[in-house]
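Visitor: Input structure: data11.cif, which contains mmCIF, C-alpha atoms.
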data_start
loop_
_atom_site.label_atom_id
_atom_site.label_comp_id
_atom_site.auth_asym_id
_atom_site.auth_seq_id
_atom_site.Cartn_x
_atom_site.Cartn_y
_atom_site.Cartn_z
CA MET P 851 0.00 0.00 0.00
CA GLY P 852 2.19 2.82 1.26
CA ALA P 853 -0.40 5.34 0.11
CA GLN P 854 -3.96 6.30 0.97
CA TRP P 855 -5.69 4.03 3.45
CA LYS P 856 -9.14 2.93 2.30
CA GLN P 857 -11.25 1.01 4.73
CA LYS P 858 -12.47 -2.32 3.34
CA GLY P 859 -16.19 -2.92 3.08
CA ARG P 860 -17.10 0.59 4.18
CA VAL P 861 -20.69 0.54 2.93
CA GLU P 862 -21.93 -2.00 5.44
CA ASN P 863 -24.76 -0.14 7.14
CA ALA P 864 -26.73 3.08 7.17
CA ALA P 865 -24.30 4.81 9.53
CA LYS P 866 -21.34 4.11 7.25
CA ARG P 867 -23.37 5.18 4.25
CA GLY P 868 -24.23 8.51 5.85
CA GLN P 869 -20.61 9.04 6.82
CA ILE P 870 -19.41 8.51 3.25
CA ILE P 871 -22.00 10.98 1.93
CA SER P 872 -20.95 13.56 4.53
CA LYS P 873 -17.25 13.25 3.66
CA MET P 874 -17.88 13.46 -0.08
CA CYS P 875 -20.03 16.57 0.39
CA LYS P 876 -17.24 18.25 2.35
CA GLU P 877 -14.93 17.71 -0.63
CA ILE P 878 -17.51 19.19 -2.99
CA ILE P 879 -17.96 22.24 -0.75
CA LEU P 880 -14.21 22.88 -0.69
CA ALA P 881 -13.83 22.40 -4.45
CA ALA P 882 -16.74 24.75 -5.18
CA LYS P 883 -15.40 27.33 -2.73
CA ALA P 884 -11.88 27.22 -4.18
CA GLY P 885 -12.94 27.79 -7.80
CA ASP P 886 -15.82 28.22 -10.21
CA PRO P 887 -19.02 26.56 -8.89
CA ASP P 888 -19.74 25.40 -12.45
CA PRO P 889 -18.18 21.92 -12.87
CA ALA P 890 -17.63 22.65 -16.57
CA ASN P 891 -15.13 25.34 -15.59
CA ASN P 892 -13.69 23.67 -12.49
CA SER P 893 -11.85 20.40 -13.15
CA LYS P 894 -11.35 19.68 -9.44
CA LEU P 895 -15.05 20.08 -8.72
CA ARG P 896 -15.95 17.99 -11.75
CA THR P 897 -13.67 15.16 -10.59
CA VAL P 898 -15.02 15.23 -7.03
CA ILE P 899 -18.61 15.17 -8.29
CA GLU P 900 -17.85 12.13 -10.46
CA ALA P 901 -16.34 10.40 -7.44
CA ALA P 902 -19.43 11.27 -5.40
CA LYS P 903 -21.70 9.82 -8.06
CA LYS P 904 -19.67 6.60 -8.09
CA ALA P 905 -20.16 6.46 -4.32
CA SER P 906 -23.93 6.83 -4.92
CA VAL P 907 -24.18 10.22 -3.22
CA PRO P 908 -27.71 11.55 -3.98
CA ARG P 909 -27.97 14.36 -6.53
CA ASP P 910 -29.73 16.64 -4.03
CA ASN P 911 -26.79 16.32 -1.63
CA ILE P 912 -24.33 17.13 -4.41
CA GLU P 913 -26.26 20.20 -5.55
CA ARG P 914 -26.69 21.46 -1.98
CA ALA P 915 -22.95 21.05 -1.32
CA ILE P 916 -22.12 23.06 -4.45
CA LYS P 917 -24.45 25.84 -3.33
CA LYS P 918 -22.88 25.89 0.15
CA GLY P 919 -19.41 26.10 -1.34
CA SER P 920 -20.38 28.90 -3.71
CA GLY P 921 -22.14 30.87 -0.95
CA LEU P 922 -25.68 30.49 -2.34
CA LEU P 923 -26.68 28.74 0.89
CA GLU P 924 -25.46 29.32 4.43
CA PRO P 925 -21.69 28.84 4.05
CA VAL P 926 -19.75 26.22 5.98
CA ASN P 927 -16.10 27.00 6.67
CA TYR P 928 -13.98 23.87 6.61
CA GLU P 929 -10.21 23.92 6.98
CA LEU P 930 -7.72 21.20 6.16
CA VAL P 931 -5.70 20.13 9.20
CA THR P 932 -2.99 17.47 8.98
CA PHE P 933 -1.91 15.27 11.88
CA GLU P 934 1.28 13.20 11.91
CA GLY P 935 2.23 10.22 14.00
CA PHE P 936 2.73 6.49 14.24
CA THR P 937 0.21 3.69 14.39
CA PRO P 938 0.70 0.78 16.80
CA HIS P 939 3.93 -1.03 15.82
CA LYS P 940 5.46 2.24 14.57
CA ILE P 941 4.00 2.56 11.07
CA PRO P 942 4.26 6.22 9.89
CA CYS P 943 0.86 7.80 9.35
CA LEU P 944 -0.49 11.12 8.02
CA VAL P 945 -4.12 12.06 8.67
CA GLU P 946 -5.84 14.85 6.74
CA CYS P 947 -8.97 16.24 8.40
CA LEU P 948 -11.62 18.60 7.06
CA THR P 949 -13.06 20.35 10.07
CA ASP P 950 -15.14 23.33 11.13
CA ASN P 951 -13.84 22.99 14.71
CA ARG P 952 -10.09 22.52 15.03
CA ASN P 953 -10.23 22.05 18.83
CA ARG P 954 -12.76 19.22 18.58
CA THR P 955 -10.78 17.46 15.89
CA SER P 956 -7.47 17.82 17.75
CA SER P 957 -9.07 16.34 20.85
CA ASP P 958 -10.43 13.39 18.86
CA MET P 959 -7.06 12.71 17.23
CA ARG P 960 -5.24 12.80 20.58
CA ALA P 961 -7.71 10.26 21.97
CA ILE P 962 -7.36 7.85 19.04
CA PHE P 963 -3.57 8.19 18.85
CA ARG P 964 -3.22 6.98 22.44
CA LYS P 965 -2.98 3.56 20.81
CA GLY P 966 -0.06 4.85 18.76
CA THR P 967 2.01 8.02 18.91
CA LEU P 968 0.83 11.48 17.88
CA GLY P 969 3.80 13.55 16.74
CA ALA P 970 4.49 17.20 16.06
CA SER P 971 4.27 18.77 12.62
CA GLY P 972 7.12 17.45 10.47
CA SER P 973 7.74 14.38 12.61
CA VAL P 974 6.51 11.99 9.91
CA GLY P 975 6.03 14.04 6.75
CA TYR P 976 9.66 13.68 5.64
CA LEU P 977 9.07 9.92 5.27
CA PHE P 978 6.62 10.58 2.43
CA ASP P 979 6.80 12.18 -1.01
CA HIS P 980 4.08 14.78 -1.57
CA VAL P 981 3.07 14.28 -5.21
CA GLY P 982 0.22 14.58 -7.67
CA LEU P 983 -1.82 11.46 -8.40
CA VAL P 984 -4.30 10.98 -11.24
CA VAL P 985 -6.39 7.81 -11.17
CA ALA P 986 -7.89 7.06 -14.56
CA SER P 987 -9.24 4.38 -16.88
CA HIS P 988 -9.78 4.12 -20.64
CA SER P 989 -12.59 2.49 -22.57
CA ASP P 990 -10.01 1.13 -25.03
CA SER P 991 -8.24 -1.74 -23.24
CA HIS P 992 -5.42 -1.59 -25.79
CA GLN P 993 -4.36 1.89 -24.68
CA ASP P 994 -0.70 1.95 -23.60
CA ALA P 995 -0.69 3.54 -20.13
CA GLU P 996 3.08 3.98 -20.08
CA GLU P 997 3.00 5.83 -23.39
CA ALA P 998 0.11 7.95 -22.13
CA ALA P 999 2.09 8.78 -18.98
CA ILE P 1000 5.11 9.93 -20.99
CA GLU P 1001 3.00 12.05 -23.33
CA ALA P 1002 1.08 13.62 -20.44
CA GLY P 1003 4.23 14.43 -18.46
CA ALA P 1004 3.70 11.96 -15.60
CA GLN P 1005 6.75 10.51 -13.87
CA ASP P 1006 5.38 7.03 -13.31
CA VAL P 1007 2.27 4.89 -13.84
CA LYS P 1008 1.03 1.84 -11.93
CA LYS P 1009 -1.86 -0.56 -12.48
CA SER P 1010 -4.43 -0.56 -9.68
CA ASP P 1011 -7.35 -2.96 -10.13
CA SER P 1012 -9.20 -1.80 -13.26
CA GLU P 1013 -7.58 1.65 -13.28
CA PHE P 1014 -4.15 3.22 -13.61
CA GLU P 1015 -2.40 5.57 -11.20
CA PHE P 1016 -0.41 8.33 -12.90
CA ILE P 1017 2.13 9.90 -10.55
CA CYS P 1018 3.53 13.38 -11.23
CA THR P 1019 4.96 16.40 -9.47
CA LYS P 1020 2.47 18.64 -7.67
CA SER P 1021 3.10 21.46 -10.13
CA ASP P 1022 2.23 19.18 -13.08
CA LEU P 1023 -1.02 17.78 -11.67
CA ILE P 1024 -3.36 20.06 -13.63
CA SER P 1025 -1.49 19.69 -16.93
CA VAL P 1026 -1.21 15.88 -16.61
CA THR P 1027 -4.91 15.60 -15.79
CA LYS P 1028 -5.86 17.76 -18.76
CA ALA P 1029 -3.55 15.86 -21.14
CA LEU P 1030 -5.02 12.51 -20.12
CA GLN P 1031 -8.57 13.80 -20.52
CA GLU P 1032 -7.75 15.02 -24.02
CA LYS P 1033 -6.57 11.49 -24.88
CA GLY P 1034 -9.90 10.01 -23.78
CA TRP P 1035 -8.98 8.87 -20.28
CA GLN P 1036 -11.80 8.95 -17.71
CA ILE P 1037 -10.49 10.59 -14.53
CA SER P 1038 -11.63 9.08 -11.21
CA SER P 1039 -9.54 11.38 -9.04
CA SER P 1040 -6.89 14.06 -9.43
CA GLU P 1041 -5.28 15.24 -6.19
CA PHE P 1042 -2.20 15.71 -4.05
CA VAL P 1043 -1.25 12.62 -2.07
CA TYR P 1044 1.51 11.35 0.19
CA LEU P 1045 3.42 8.26 -0.94
CA ALA P 1046 5.65 6.49 1.57
CA LYS P 1047 9.30 6.43 0.57
CA ASP P 1048 9.85 3.07 2.30
CA PRO P 1049 6.61 1.03 2.64
CA MET P 1050 6.66 -1.36 5.59
CA ASP P 1051 5.11 -4.78 6.13
CA LEU P 1052 4.06 -6.50 9.33
CA PRO P 1053 3.25 -10.06 10.47
CA GLY P 1054 -0.44 -11.00 10.36
CA GLU P 1055 -1.59 -10.26 13.90
CA PHE P 1056 0.36 -6.99 14.08
CA LYS P 1057 -1.05 -5.88 10.72
CA GLU P 1058 -4.59 -6.58 11.93
CA GLU P 1059 -3.98 -4.35 14.95
CA VAL P 1060 -2.74 -1.52 12.71
CA GLU P 1061 -5.71 -1.92 10.37
CA SER P 1062 -8.08 -1.76 13.35
CA PHE P 1063 -6.41 1.50 14.43
CA LEU P 1064 -6.70 2.94 10.90
CA ASN P 1065 -10.36 1.92 10.72
CA GLU P 1066 -11.00 3.78 13.98
CA LEU P 1067 -9.36 6.87 12.50
CA ASP P 1068 -11.37 6.55 9.30
CA ASP P 1069 -14.61 6.29 11.27
CA ASN P 1070 -14.09 9.80 12.64
CA ASP P 1071 -16.37 12.23 10.81
CA ASP P 1072 -13.63 14.85 10.40
CA VAL P 1073 -11.05 12.50 8.87
CA HIS P 1074 -10.71 13.16 5.16
CA ARG P 1075 -7.84 10.91 4.08
CA ILE P 1076 -5.26 8.70 5.73
CA PHE P 1077 -1.83 7.93 4.32
CA THR P 1078 0.38 5.23 5.79
CA ALA P 1079 3.62 3.42 5.05
CA LEU P 1080 1.84 0.09 5.49
CA LYS P 1081 2.17 -2.26 2.53
#
Re-express the file's structure as structure tokens.

Guide:
Amino acid sequence: MGAQWKQKGRVENAAKRGQIISKMCKEIILAAKAGDPDPANNSKLRTVIEAAKKASVPRDNIERAIKKGSGLLEPVNYELVTFEGFTPHKIPCLVECLTDNRNRTSSDMRAIFRKGTLGASGSVGYLFDHVGLVVASHSDSHQDAEEAAIEAGAQDVKKSDSEFEFICTKSDLISVTKALQEKGWQISSSEFVYLAKDPMDLPGEFKEEVESFLNELDDNDDVHRIFTALK
């Protein structure tokens, strides 16, 4: 893994479902607030909306989130706060939170990280590369992803299930995304991520303990994304 942690089997009950919708709507609000509220003129917003649709977020929720972000409804002010630390068994971990109450979120993170170690800013970040990541697929299965990566200006490409992950510098994220779209690639996500420089593995029972810790983090309503060095 060594990248973003994604909880397995997240859509198991109504509570999980509501949590996913809430987190996706936060992303839409931020994307609409940061740029044009029209998805046709805002590639980030367009990508987030597509991801929300794939997660079966209702259209009404999507439209309401866009209006909140653009100020047409009562605005919600979310800020991105990053926490750094170690999981049980010393696996480096970065947690991005979208919150409207920094004190509440900090308190929650301190409580969860009692099972690991919550560090100061910079204590873990140097163990990761902060890069651009474009996840995409193509309707033509004969498309050469490596050739597409070179032409788009990406530094690397990896197969991930039915999609490809194009890795680039942060400054090239927009241009790589646009180049892939122009070549007919369907973009699932286009964002800045943290990739572990040295992914780590653990024996079975230790890995289960780490995964339980990461699941507890992911269940927090303010947690946006989790990046770990766990393979």

Visitor: For Lys1020 of chain P, please output as number ranges by chain all residues within 10 Å (counting only C-alpha atoms; exclusion window: fewer than 5 positions along the same chain).

Guide: P: 980-983, 1041-1043

Visitor: Neighbourhood query: residues within 12 Å of (-11.7, 23.3, -16.6), file coordinates, counting all atoms listed in the file; return as a ChimeraX atom specification.

Guide: /P:885-897,1024-1025,1027-1029,1031-1032

Visitor: Have a look at P:Gly935, P:Gly966, P:Pro1049, P:Pro925 and name the one nearest to Asp950 of chain P; count all atoms listed in the file.

Guide: P:Pro925

Visitor: To verify the selection step, state as a PyMOL selection string which residues the PyMOL selection byres ((chain P and resi 1081) around 12) yields on this input.

Guide: chain P and resi 851-855+941-942+1045-1053+1057+1060-1061+1077-1080

Visitor: Go through P:Glu1058, P:Asp1072, P:Glu934, P:Glu913 and flag the residue nearest Leu948 of chain P, using all atoms listed in the file for the distances.

Guide: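 Using all atoms listed in the file, the shortest distance to Leu948 of chain P belongs to P:Asp1072.
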
Visitor: Work out how far apart atom CA of Ala986 of chain P and atom CA of Glu1001 of chain P are and give it in Å to one decimal.

Guide: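 A separation of 14.8 Å between them.
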
Visitor: Starting from the shown file, work through the PyMOL selection byres ((chain P and resi 1017) around 7) and note down what comes out as a list in words.

Guide: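 Checking the PyMOL selection byres ((chain P and resi 1017) around 7) against this file, the residues are Val981, Gly982, Leu983, Val984, Ala1004, Gln1005, Asp1006, Val1007, Glu1015, Phe1016 and Cys1018 of chain P.
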
Visitor: Starting from the point (-5.1, 18.9, 5.6), work out which residues of protein, DNA or RNA have an atom no more than 7 Å away when counting only C-alpha atoms; state them as a list in words.

Guide: Leu930, Val931, Thr932, Glu946, Cys947 and Leu948 of chain P

Visitor: Kindly export the residues of the current selection with C-alpha atoms, as an mmCIF file, in the coordinates of the input.

Guide:
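This is the output file selection_15.cif:
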data_model
loop_
_atom_site.group_PDB
_atom_site.id
_atom_site.type_symbol
_atom_site.label_atom_id
_atom_site.label_comp_id
_atom_site.auth_asym_id
_atom_site.auth_seq_id
_atom_site.Cartn_x
_atom_site.Cartn_y
_atom_site.Cartn_z
ATOM 1 C CA LEU P 930 -7.720 21.200 6.160
ATOM 2 C CA VAL P 931 -5.700 20.130 9.200
ATOM 3 C CA THR P 932 -2.990 17.470 8.980
ATOM 4 C CA GLU P 946 -5.840 14.850 6.740
ATOM 5 C CA CYS P 947 -8.970 16.240 8.400
ATOM 6 C CA LEU P 948 -11.620 18.600 7.060
#

Visitor: Go ahead and compute the interatomic distance for atom CA of Leu1030 of chain P and atom CA of Asn911 of chain P, in Å to one decimal.

Guide: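 The value is 28.8 Å.
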
Visitor: Given the choices P:Glu900, P:Glu929, P:Glu1059, P:Asp1011, which gets closest to Arg952 of chain P if the distance is worked out from all atoms listed in the file?

Guide: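 Answer, going by the shortest atom-to-atom distance: P:Glu929.
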
Visitor: Between atom CA of Lys856 of chain P and atom CA of Ser971 of chain P, what is the distance in Å, rounded to a tenth?

Guide: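 One can read the atom CA of Lys856 of chain P to atom CA of Ser971 of chain P distance as 23.2 Å.
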
Visitor: Between P:Arg1075, P:Ser987, P:Leu977, P:Asp1069, which has the minimum distance to Gln869 of chain P (counting only C-alpha atoms)?

Guide: P:Asp1069

Visitor: For Ile879 of chain P, please output as a list in words all residues within 10 Å (counting all atoms listed in the file; exclusion window: fewer than 3 positions along the same chain).

Guide: Met874, Cys875, Lys876, Ala882, Lys883, Ala884, Pro887, Leu895, Val898, Ile912, Glu913, Arg914, Ala915, Ile916, Lys917, Lys918, Gly919, Ser920, Gly921, Pro925, Val926, Asn927 and Tyr928 of chain P

Visitor: Give me, as an NGL selection string, all polymer residues having an atom no more than 12 Å from segment 988-994 of chain P, counting all atoms listed in the file and skipping those fewer than 6 positions away in the same chain.

Guide: :P and (1000-1001 or 1007-1009 or 1012-1014 or 1030-1038)

Visitor: Return as a list in words the set of residues that the PyMOL selection byres ((chain P and resi 965) around 8) yields on the displayed structure.

Guide: Thr937, Pro938, Ile962, Phe963, Arg964, Gly966, Thr967 and Phe1063 of chain P
